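Here the structure comes first, spelled out in structure tokens, and everything after it is commentary.
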Amino acid sequence: MASLAAFGRSICPTSPLFPAPACGNLGSLLRPVRHHGSGEAAGEAVLQVDNRCSDQVLDFPGGKVMFVPEMRFLPGSPNERINCYRVLDENGQTISGSRFQEVSKEVAIKMYSDMVTLQIMDTVFYEAQRQGRISFYLTSNGEEAINVASAAALTMDDIVFPQYREPGVLLWRGFTLQEFANQCFGNKLDYGKGRQMPIHYGSSRLNYFTVSSPIATQIPHAVGAAYSLKMDGKNACTITYFGDGGTSEGDFHAALNFAAVMESPVIFFCRNNGWAISTPTAEQFRSDGAVVRGQAYGIHSIRIDGNDALAVYSAVHAAREMAVHDCRPVLVEALTYRAGHHSTSDDSTKYRSTDEIQHWKTARDPVSRFRNWVEGNGWWSEAAEVEHRSSTRKELLQAIQVAERAEKPPLSELFTDVYDRVPSNLWEQEKSLRETIKKHPKDYPSDVPV
Amino acid sequence: MATAMAVRALGKRASIAARGFSSSCETEKAAKDGKPINLFSAINQALHIALDTDPRAYVFGEDIRFGGVFRCTTGLFDRFGRSRVFNTPLCEQGIVGFAIGLAAMGNRAIAEIQFADYIYPAFDQAFPFNVIVNEAAKFRYRSGNEFNCGGLTIRTPYGAVGHGGHYHSQSPESFFCHVPGLKVVIPRSPRQAKGLLLSCIRDPNPSIFFEPKWLYRLAVEEVPEHDYMLPLSEAEVIHQGSDITLVGWGAQLSVLEQACVEAAKEGISCELIDLRTLIPWDKETVEASVRKTGKLLVSHEAPVTGGFGAEISASIAESCFLRLEAPVARICGLDTPFPLVYEQFYMPTKNKILDAIKATVNY
């Protein structure tokens, strides 16, 4: 057990796993009084602890454990589900008594306009894919608040380990529409050199690690990187995003456990959007979502309304404070809905009802909800809306044209970056490939410079 | 047991017990200055140096703190502290995934997987296959060099040990040789282990360092105490010969060496090559040797089918076809799970090799 507490402060005294004994001092715990089980309701259990203390306490790694005479199994699920933090109601009004992090006018406007930009990107790129101009696309519809508000609550020094449905984080950080388009078209200006499918963005300048298709592999990376930030004494944390499906992967469990034990300053952000492609959460897990699993690993956790930009902003802001200043991981589970298909390769009406989709798209739309709040503050108007939508659309169409016309990366880039330097076997293969291309030029695409 | 002159010593003593091995052709100038130590101590020295010379270096894995199950990490925790040398939860994909994140932030992440047999859960990340294959190996390429995890080194004991059975004996190197972006390195002796491990740790690419666990205690040679590195992707011609080229790596080198000695008694002159780095491998050295001898034998403990010997055979058949005077011989493990009681049947032993040398030379 000594090794578990090896990283500075022990987590035990404050851990939800090991709460301080409710019955006060050990003296009372150890009173040699016999009690008989009386089957109290669960809600009374805490108050009853003193009376139910048995005559023995086990000093076990992790803290004192009380012996009890009753055989009681922990229920698989509690009577009541973990509640959900929200600030704005469906109409974008702040709920009375809600506590949230102040958002300045300037930040609020940028948050809202980036959410709209993300919507426009999704519409236009989706269309471009349908027209066969790009090979693939994946929208963030319905999760605009998660994307933009979580990004807004972080600093640029915080490091992002995305899954793939978080381009709004990159947008917030300053990735331009041209940069998005370059990646989707895989041209020579794409930082990934045209090697990955569209939407696999990445930018070292913006501290946004390159998207990888396998699910959940980024989660343990975020823990290791966070440990590095802690060792360097940086005033920063890492954040990693994943969906409800990702929480079934071994990497998720490995990462949470590592983060708790290593006390890494990392925010685990679960976008629980109800669907892992066609698999509903009922077939994904039987726990009360992801939030209880955070607690099970000894991690501070919260469930929030993912379609409420102010709730997302406030929760991530607070999580960041805890991660950076207390050097600990935090898990945020945002309840939301994947309002679009999984990707352009998917038709979600085959496995879920259009009523369900429509309900989330309209009644629970995060963008219009936040617009109501921003407008209510007098910070936004219909005129601003029209102007922003029209200029963004124009800029994006222009960026797509430029990206489409740009050359593909040269053939030589096929062989670079496998290692820091190109080894001899790859030189040979490049040489041999070039000879083949000379002999059979028609076999190869003409837009890749040889 | 063996000394710097062990090649000659082994010439007179070819028993299985004498698995000690040397690097007689080593260019390392101070090689003769060192004290005789075994392989795990050489690894331990390298780790001390790695942590001492780079404040951004970390060593971690299961049971690392008390010295590791093979004693390779002894003394590191006491000297460098718990924030740089630590135990991890028992989860190979977590270890490698965490290590990738650490390395991607500009650190030297030296992760131990307790047995190569347990590297499969981590394959995805690099070892734990997805971790290794889909993450570590492609980190640089997929980002267009925006990011890399070149500071990652995964150390893991591999290979037969006489009693390891299915899950403490395997040689999974060829899986990782099929993954561009990784370097796969296997030392044959204590001096080699120290110099190659330091090179892996400091190389700007993720590497997997397979340590021959059979040699941890058995192999002893003089190892310089100071900081030195041996080049990656350079094979070493251990001794020259004219009739046949023998290629191997790791613990198998000493078996090949014994076969050489026996063959010499029958007048066959073998050229013995230690490949050392499996990818990217030093094809030129092997080709040059085969052009001279006209014959090639490759030997490894891993199953013959799909082993790295297949790659060497195919490459040499392509590049030296007209010079080859006999089919390339592969003397390797059987295509079975590693069998406990049948270990000696399974292994590519000295006499299997010797027979193949004779058959190839007399083809």
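As shown in the structure tokens, the chain order sets the letters A, B, ...; within each chain, residues go from 1, and ligands are also counted from 1 in the order they appear.
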### Task
Define the interface residues of chain B facing chain A as those within 8 Å, counting only C-alpha atoms, and report them as an MDAnalysis selection string.
chainID B and resid 82:83 87:89 91 93:94 97:105 107 124:125 130:131 134:135 137:138 140:147 180:182 204:205 280
Using C-alpha atoms, can you export the residues from the last selection as a JSON list (two decimals), in the first residue's frame?
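The resulting out.json:
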[["chain", "number", "residue", "atom", "x", "y", "z"],
["B", 82, "ARG", "CA", 9.56, 7.73, -6.59],
["B", 83, "SER", "CA", 8.52, 10.35, -9.08],
["B", 87, "ASN", "CA", 5.50, 0.79, -9.91],
["B", 88, "THR", "CA", 2.48, 0.85, -12.18],
["B", 89, "PRO", "CA", -0.83, -0.96, -11.93],
["B", 91, "CYS", "CA", -1.96, -3.37, -16.99],
["B", 93, "GLN", "CA", -1.76, -1.37, -22.24],
["B", 94, "GLY", "CA", -1.86, 1.21, -19.49],
["B", 97, "GLY", "CA", -0.24, 4.09, -23.31],
["B", 98, "PHE", "CA", 0.99, 6.16, -20.38],
["B", 99, "ALA", "CA", 4.54, 5.88, -21.70],
["B", 100, "ILE", "CA", 3.52, 7.17, -25.12],
["B", 101, "GLY", "CA", 1.91, 10.21, -23.55],
["B", 102, "LEU", "CA", 4.97, 10.82, -21.42],
["B", 103, "ALA", "CA", 7.31, 10.41, -24.39],
["B", 104, "ALA", "CA", 5.17, 12.66, -26.57],
["B", 105, "MET", "CA", 5.84, 15.46, -24.11],
["B", 107, "ASN", "CA", 10.54, 12.74, -22.04],
["B", 124, "ASP", "CA", -2.56, -1.82, -29.73],
["B", 125, "GLN", "CA", -0.57, 0.90, -28.06],
["B", 130, "ASN", "CA", -2.93, -1.58, -30.40],
["B", 131, "VAL", "CA", -0.89, 0.58, -28.10],
["B", 134, "ASN", "CA", -1.52, 1.54, -33.87],
["B", 135, "GLU", "CA", -0.26, 4.16, -31.47],
["B", 137, "ALA", "CA", 4.50, 3.06, -34.25],
["B", 138, "LYS", "CA", 2.33, 5.55, -36.12],
["B", 140, "ARG", "CA", 4.92, 10.48, -35.96],
["B", 141, "TYR", "CA", 3.65, 9.38, -39.36],
["B", 142, "ARG", "CA", -0.02, 9.97, -38.74],
["B", 143, "SER", "CA", 0.57, 13.50, -37.51],
["B", 144, "GLY", "CA", 2.98, 14.41, -40.29],
["B", 145, "ASN", "CA", 5.67, 14.82, -37.63],
["B", 146, "GLU", "CA", 3.56, 17.30, -35.65],
["B", 147, "PHE", "CA", 4.03, 14.88, -32.76],
["B", 180, "PRO", "CA", 7.02, 0.38, -39.66],
["B", 181, "GLY", "CA", 7.85, 3.09, -37.17],
["B", 182, "LEU", "CA", 9.25, 0.89, -34.42],
["B", 204, "PRO", "CA", 14.48, 9.69, -31.53],
["B", 205, "ASN", "CA", 12.19, 6.78, -32.44],
["B", 280, "PRO", "CA", 15.40, -1.30, -39.72]]
### Task
Per DSSP on the backbone, filter region 300-419 of chain A down to the residues in strand (DSSP E or B) and report them as a list in words.
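DSSP on the backbone gives strand (DSSP E or B) at His300, Ser301, Ile302, Arg303, Ile304, Asp305, Val330, Leu331, Val332, Glu333, Ala334 and Leu335 of chain A.
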Using the selection just defined, write its residues with N, CA and C atoms as a PDB file, in the first residue's frame.
ATOM      1  N   HIS A 300     -12.590  12.203  -8.575  1.00  0.00           N
ATOM      2  CA  HIS A 300     -13.684  13.163  -8.478  1.00  0.00           C
ATOM      3  C   HIS A 300     -14.438  13.205  -9.800  1.00  0.00           C
ATOM      4  N   SER A 301     -15.736  13.109  -9.738  1.00  0.00           N
ATOM      5  CA  SER A 301     -16.508  12.965 -10.968  1.00  0.00           C
ATOM      6  C   SER A 301     -17.784  13.775 -10.897  1.00  0.00           C
ATOM      7  N   ILE A 302     -18.250  14.216 -12.056  1.00  0.00           N
ATOM      8  CA  ILE A 302     -19.501  14.970 -12.100  1.00  0.00           C
ATOM      9  C   ILE A 302     -20.251  14.641 -13.385  1.00  0.00           C
ATOM     10  N   ARG A 303     -21.582  14.657 -13.269  1.00  0.00           N
ATOM     11  CA  ARG A 303     -22.424  14.485 -14.466  1.00  0.00           C
ATOM     12  C   ARG A 303     -23.034  15.841 -14.783  1.00  0.00           C
ATOM     13  N   ILE A 304     -22.982  16.202 -16.051  1.00  0.00           N
ATOM     14  CA  ILE A 304     -23.503  17.513 -16.448  1.00  0.00           C
ATOM     15  C   ILE A 304     -24.401  17.394 -17.679  1.00  0.00           C
ATOM     16  N   ASP A 305     -25.176  18.439 -17.893  1.00  0.00           N
ATOM     17  CA  ASP A 305     -25.994  18.536 -19.102  1.00  0.00           C
ATOM     18  C   ASP A 305     -25.093  19.008 -20.240  1.00  0.00           C
ATOM     19  N   VAL A 330      -9.882  14.331 -12.855  1.00  0.00           N
ATOM     20  CA  VAL A 330     -11.311  14.610 -12.674  1.00  0.00           C
ATOM     21  C   VAL A 330     -12.045  14.009 -13.873  1.00  0.00           C
ATOM     22  N   LEU A 331     -13.213  13.420 -13.615  1.00  0.00           N
ATOM     23  CA  LEU A 331     -14.000  12.892 -14.717  1.00  0.00           C
ATOM     24  C   LEU A 331     -15.286  13.698 -14.863  1.00  0.00           C
ATOM     25  N   VAL A 332     -15.575  14.097 -16.094  1.00  0.00           N
ATOM     26  CA  VAL A 332     -16.804  14.820 -16.410  1.00  0.00           C
ATOM     27  C   VAL A 332     -17.602  13.957 -17.386  1.00  0.00           C
ATOM     28  N   GLU A 333     -18.815  13.620 -17.017  1.00  0.00           N
ATOM     29  CA  GLU A 333     -19.686  12.904 -17.951  1.00  0.00           C
ATOM     30  C   GLU A 333     -20.775  13.860 -18.416  1.00  0.00           C
ATOM     31  N   ALA A 334     -20.764  14.182 -19.709  1.00  0.00           N
ATOM     32  CA  ALA A 334     -21.756  15.094 -20.249  1.00  0.00           C
ATOM     33  C   ALA A 334     -22.840  14.297 -20.970  1.00  0.00           C
ATOM     34  N   LEU A 335     -24.076  14.492 -20.545  1.00  0.00           N
ATOM     35  CA  LEU A 335     -25.191  13.813 -21.207  1.00  0.00           C
ATOM     36  C   LEU A 335     -25.583  14.629 -22.430  1.00  0.00           C
TER      37      LEU A 335
END
### Task
Quick one: pull the distance between CA of Leu58 (chain A) and CA of Arg328 (chain A), Å, one decimal.
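Answer for the CA of Leu58 (chain A) to CA of Arg328 (chain A) separation: 27.9 Å.
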### Query
Which residues come within 7 Å of Glu211 (chain B), counting only C-alpha atoms, excluding same-chain residues fewer than 6 positions away, as a list of chain:residue names?
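The neighbour list is B:Thr156, B:Pro157, B:Tyr158, B:Ile186, B:Pro187.
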Neighbours of Val85 (chain B) within 12 Å (only C-alpha atoms; same-chain residues fewer than 6 positions away dropped), as a short mmCIF file (atom, residue, chain, number, x, y, z; two decimals) with all heavy atoms, in the first residue's frame?
data_model
loop_
_atom_site.label_atom_id
_atom_site.label_comp_id
_atom_site.auth_asym_id
_atom_site.auth_seq_id
_atom_site.Cartn_x
_atom_site.Cartn_y
_atom_site.Cartn_z
N SER A 3 3.25 2.00 -1.71
CA SER A 3 3.53 2.49 -3.05
C SER A 3 2.34 3.25 -3.64
O SER A 3 2.51 4.11 -4.47
CB SER A 3 3.88 1.33 -3.97
OG SER A 3 2.79 0.45 -4.07
N ALA A 6 2.55 6.81 -2.98
CA ALA A 6 3.92 7.25 -3.23
C ALA A 6 4.04 8.61 -3.89
O ALA A 6 5.09 9.21 -3.87
CB ALA A 6 4.65 6.22 -4.10
N PHE A 7 2.99 9.10 -4.49
CA PHE A 7 3.12 10.30 -5.28
C PHE A 7 2.63 11.51 -4.52
O PHE A 7 1.55 12.02 -4.73
CB PHE A 7 2.41 10.13 -6.62
CG PHE A 7 3.00 9.00 -7.36
CD1 PHE A 7 2.50 7.72 -7.19
CD2 PHE A 7 4.12 9.18 -8.14
CE1 PHE A 7 3.10 6.66 -7.84
CE2 PHE A 7 4.72 8.13 -8.79
CZ PHE A 7 4.21 6.86 -8.63
N MET A 262 -1.34 7.72 -10.03
CA MET A 262 -0.23 8.65 -10.31
C MET A 262 -0.58 10.10 -9.97
O MET A 262 0.26 10.97 -10.11
CB MET A 262 0.14 8.61 -11.80
CG MET A 262 0.36 7.24 -12.40
SD MET A 262 1.75 6.41 -11.69
CE MET A 262 3.03 7.52 -12.19
N LEU B 47 20.46 1.76 -17.17
CA LEU B 47 19.31 2.51 -16.65
C LEU B 47 19.77 3.59 -15.67
O LEU B 47 19.24 4.71 -15.68
CB LEU B 47 18.31 1.56 -15.98
CG LEU B 47 17.62 0.57 -16.95
CD1 LEU B 47 16.76 -0.43 -16.17
CD2 LEU B 47 16.77 1.32 -17.98
N HIS B 48 20.75 3.27 -14.85
CA HIS B 48 21.31 4.29 -13.96
C HIS B 48 21.85 5.47 -14.77
O HIS B 48 21.60 6.63 -14.46
CB HIS B 48 22.44 3.69 -13.10
CG HIS B 48 21.94 3.07 -11.83
ND1 HIS B 48 21.69 3.79 -10.68
CD2 HIS B 48 21.63 1.79 -11.52
CE1 HIS B 48 21.26 2.98 -9.72
NE2 HIS B 48 21.21 1.75 -10.22
N ALA B 50 21.07 6.29 -17.85
CA ALA B 50 20.00 6.98 -18.58
C ALA B 50 19.29 7.99 -17.67
O ALA B 50 19.01 9.12 -18.07
CB ALA B 50 19.00 5.97 -19.12
N LEU B 51 19.03 7.57 -16.43
CA LEU B 51 18.34 8.47 -15.51
C LEU B 51 19.26 9.59 -15.04
O LEU B 51 18.83 10.73 -14.83
CB LEU B 51 17.81 7.68 -14.30
CG LEU B 51 16.60 6.79 -14.58
CD1 LEU B 51 16.39 5.81 -13.43
CD2 LEU B 51 15.34 7.61 -14.78
N PRO B 55 17.50 14.35 -16.97
CA PRO B 55 16.50 14.55 -15.90
C PRO B 55 15.08 14.29 -16.39
O PRO B 55 14.16 14.22 -15.59
CB PRO B 55 16.70 16.02 -15.51
CG PRO B 55 17.39 16.65 -16.67
CD PRO B 55 18.20 15.58 -17.33
N ARG B 56 14.89 14.16 -17.70
CA ARG B 56 13.55 13.89 -18.23
C ARG B 56 13.36 12.40 -18.51
O ARG B 56 12.45 12.03 -19.27
CB ARG B 56 13.29 14.72 -19.48
CG ARG B 56 13.39 16.23 -19.27
CD ARG B 56 12.86 16.98 -20.46
NE ARG B 56 11.42 16.84 -20.59
CZ ARG B 56 10.55 17.67 -20.02
NH1 ARG B 56 10.95 18.68 -19.30
NH2 ARG B 56 9.25 17.47 -20.18
N ALA B 57 14.21 11.57 -17.95
CA ALA B 57 14.06 10.12 -18.16
C ALA B 57 13.30 9.50 -16.99
O ALA B 57 13.48 9.90 -15.83
CB ALA B 57 15.42 9.47 -18.31
N TYR B 58 12.44 8.54 -17.31
CA TYR B 58 11.62 7.84 -16.31
C TYR B 58 11.72 6.34 -16.54
O TYR B 58 11.80 5.90 -17.68
CB TYR B 58 10.15 8.25 -16.45
CG TYR B 58 9.89 9.71 -16.16
CD1 TYR B 58 10.05 10.69 -17.14
CD2 TYR B 58 9.46 10.12 -14.90
CE1 TYR B 58 9.82 12.03 -16.88
CE2 TYR B 58 9.22 11.45 -14.62
CZ TYR B 58 9.39 12.41 -15.61
OH TYR B 58 9.15 13.73 -15.34
N VAL B 59 11.67 5.59 -15.45
CA VAL B 59 11.65 4.13 -15.55
C VAL B 59 10.45 3.62 -14.75
O VAL B 59 10.27 4.00 -13.60
CB VAL B 59 12.95 3.51 -14.99
CG1 VAL B 59 12.81 1.99 -14.89
CG2 VAL B 59 14.15 3.88 -15.87
N PHE B 60 9.62 2.82 -15.38
CA PHE B 60 8.44 2.32 -14.67
C PHE B 60 7.94 1.03 -15.28
O PHE B 60 8.31 0.66 -16.39
CB PHE B 60 7.33 3.39 -14.67
CG PHE B 60 7.02 3.96 -16.02
CD1 PHE B 60 6.02 3.41 -16.81
CD2 PHE B 60 7.75 5.03 -16.51
CE1 PHE B 60 5.75 3.94 -18.07
CE2 PHE B 60 7.49 5.55 -17.76
CZ PHE B 60 6.48 5.00 -18.55
N GLY B 61 7.07 0.38 -14.53
CA GLY B 61 6.52 -0.91 -14.94
C GLY B 61 6.07 -1.65 -13.70
O GLY B 61 6.07 -1.10 -12.60
N GLU B 62 5.70 -2.90 -13.90
CA GLU B 62 5.21 -3.67 -12.76
C GLU B 62 6.41 -4.11 -11.91
O GLU B 62 7.39 -4.63 -12.44
CB GLU B 62 4.44 -4.89 -13.27
CG GLU B 62 3.15 -4.48 -13.99
CD GLU B 62 2.63 -5.54 -14.96
OE1 GLU B 62 3.08 -6.70 -14.90
OE2 GLU B 62 1.76 -5.20 -15.79
N ASP B 63 6.33 -3.88 -10.61
CA ASP B 63 7.33 -4.35 -9.64
C ASP B 63 8.73 -3.75 -9.85
O ASP B 63 9.74 -4.34 -9.48
CB ASP B 63 7.43 -5.89 -9.66
CG ASP B 63 6.07 -6.53 -9.49
OD1 ASP B 63 5.38 -6.19 -8.51
OD2 ASP B 63 5.67 -7.36 -10.33
N ILE B 64 8.76 -2.59 -10.45
CA ILE B 64 10.01 -1.90 -10.73
C ILE B 64 10.71 -1.43 -9.45
O ILE B 64 11.93 -1.49 -9.33
CB ILE B 64 9.71 -0.66 -11.62
CG1 ILE B 64 9.43 -1.11 -13.03
CG2 ILE B 64 10.83 0.36 -11.58
CD1 ILE B 64 10.55 -1.83 -13.66
N ARG B 65 9.91 -0.97 -8.53
CA ARG B 65 10.44 -0.27 -7.37
C ARG B 65 11.43 -1.10 -6.57
O ARG B 65 12.48 -0.61 -6.16
CB ARG B 65 9.28 0.16 -6.48
CG ARG B 65 9.70 0.88 -5.25
CD ARG B 65 8.49 1.33 -4.47
NE ARG B 65 8.88 1.79 -3.15
CZ ARG B 65 8.13 2.55 -2.39
NH1 ARG B 65 6.94 2.95 -2.80
NH2 ARG B 65 8.55 2.91 -1.20
N PHE B 66 11.11 -2.34 -6.36
CA PHE B 66 12.01 -3.17 -5.53
C PHE B 66 13.15 -3.77 -6.36
O PHE B 66 14.00 -4.46 -5.82
CB PHE B 66 11.22 -4.26 -4.80
CG PHE B 66 11.06 -5.54 -5.58
CD1 PHE B 66 11.69 -6.70 -5.17
CD2 PHE B 66 10.28 -5.57 -6.72
CE1 PHE B 66 11.55 -7.88 -5.88
CE2 PHE B 66 10.14 -6.74 -7.44
CZ PHE B 66 10.78 -7.90 -7.03
N GLY B 67 13.16 -3.47 -7.64
CA GLY B 67 14.27 -3.96 -8.46
C GLY B 67 13.84 -4.78 -9.66
O GLY B 67 14.66 -5.12 -10.50
N GLY B 68 12.54 -5.09 -9.72
CA GLY B 68 12.05 -5.85 -10.86
C GLY B 68 12.28 -7.34 -10.67
O GLY B 68 13.18 -7.75 -9.95
N THR B 73 16.17 -3.30 -12.32
CA THR B 73 15.94 -1.93 -11.87
C THR B 73 16.41 -1.70 -10.42
O THR B 73 16.03 -0.73 -9.78
CB THR B 73 14.45 -1.55 -12.00
OG1 THR B 73 13.65 -2.53 -11.31
CG2 THR B 73 14.03 -1.51 -13.46
N THR B 74 17.25 -2.59 -9.93
CA THR B 74 17.76 -2.48 -8.57
C THR B 74 18.43 -1.12 -8.32
O THR B 74 19.20 -0.65 -9.15
CB THR B 74 18.81 -3.59 -8.32
OG1 THR B 74 18.16 -4.84 -8.53
CG2 THR B 74 19.36 -3.54 -6.91
N GLY B 75 18.08 -0.51 -7.20
CA GLY B 75 18.76 0.71 -6.78
C GLY B 75 18.27 1.99 -7.45
O GLY B 75 18.62 3.08 -7.03
N LEU B 76 17.45 1.87 -8.47
CA LEU B 76 17.01 3.07 -9.20
C LEU B 76 16.07 3.91 -8.35
O LEU B 76 16.15 5.14 -8.31
CB LEU B 76 16.31 2.69 -10.51
CG LEU B 76 17.15 1.95 -11.55
CD1 LEU B 76 16.28 1.52 -12.73
CD2 LEU B 76 18.30 2.82 -12.03
N PHE B 77 15.15 3.22 -7.66
CA PHE B 77 14.16 3.94 -6.85
C PHE B 77 14.88 4.73 -5.74
O PHE B 77 14.60 5.91 -5.52
CB PHE B 77 13.17 2.94 -6.25
CG PHE B 77 12.20 3.55 -5.29
CD1 PHE B 77 11.03 4.15 -5.74
CD2 PHE B 77 12.46 3.54 -3.92
CE1 PHE B 77 10.14 4.73 -4.85
CE2 PHE B 77 11.56 4.12 -3.03
CZ PHE B 77 10.41 4.72 -3.49
N ASP B 78 15.83 4.08 -5.07
CA ASP B 78 16.53 4.75 -3.96
C ASP B 78 17.32 5.96 -4.45
O ASP B 78 17.40 6.97 -3.78
CB ASP B 78 17.47 3.76 -3.27
CG ASP B 78 16.69 2.69 -2.53
OD1 ASP B 78 15.51 2.95 -2.22
OD2 ASP B 78 17.24 1.59 -2.31
N ARG B 79 17.87 5.83 -5.64
CA ARG B 79 18.75 6.90 -6.12
C ARG B 79 17.96 8.03 -6.78
O ARG B 79 18.30 9.20 -6.61
CB ARG B 79 19.76 6.31 -7.11
CG ARG B 79 20.74 7.34 -7.61
CD ARG B 79 21.89 6.69 -8.37
NE ARG B 79 22.60 7.70 -9.14
CZ ARG B 79 23.33 7.45 -10.21
NH1 ARG B 79 23.43 6.21 -10.65
NH2 ARG B 79 23.94 8.42 -10.86
N ALA B 109 10.73 7.89 -21.87
CA ALA B 109 9.87 6.97 -21.10
C ALA B 109 10.39 5.56 -21.30
O ALA B 109 10.30 5.00 -22.39
CB ALA B 109 8.43 7.09 -21.59
N ILE B 110 10.97 5.00 -20.25
CA ILE B 110 11.56 3.66 -20.34
C ILE B 110 10.63 2.72 -19.58
O ILE B 110 10.61 2.69 -18.35
CB ILE B 110 12.98 3.64 -19.75
CG1 ILE B 110 13.83 4.75 -20.42
CG2 ILE B 110 13.61 2.27 -19.93
CD1 ILE B 110 15.09 5.11 -19.65
N ALA B 111 9.82 2.00 -20.33
CA ALA B 111 8.77 1.18 -19.73
C ALA B 111 9.20 -0.27 -19.75
O ALA B 111 9.77 -0.75 -20.73
CB ALA B 111 7.47 1.35 -20.52
N GLU B 112 8.93 -0.97 -18.66
CA GLU B 112 9.24 -2.40 -18.64
C GLU B 112 7.95 -3.20 -18.73
O GLU B 112 7.00 -2.96 -17.98
CB GLU B 112 9.98 -2.80 -17.36
CG GLU B 112 10.24 -4.30 -17.30
CD GLU B 112 11.03 -4.76 -16.07
OE1 GLU B 112 12.14 -4.25 -15.86
OE2 GLU B 112 10.53 -5.63 -15.34
#
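Of the listed residues (B:Asp203, B:Val304, B:Lys358, B:His163), B:His163 comes nearest to Val341 (chain B); the distances count only C-alpha atoms.
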### Message
Applying 12 Å and only C-alpha atoms, which residues near Ala310 (chain B) remain after dropping the ones on its own chain fewer than 4 positions away? List them as number ranges by chain.
### Response
B: 174, 177-178, 297-300, 302-306, 314-317, 328-332
### Task
Counting only C-alpha atoms, figure out which residue out of A:Asn235, A:Asn147, A:Gln178, A:Asn307 gets nearest to Phe370 (chain A).
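Using only C-alpha atoms, the shortest distance to Phe370 (chain A) belongs to A:Asn307.
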### Query
Could you pull the residues within 12 Å of Gly165 (chain B), counting only C-alpha atoms, minus those fewer than 2 positions along the same chain, as a ChimeraX atom specification?
/B:117,159-163,167-170,336-344,346
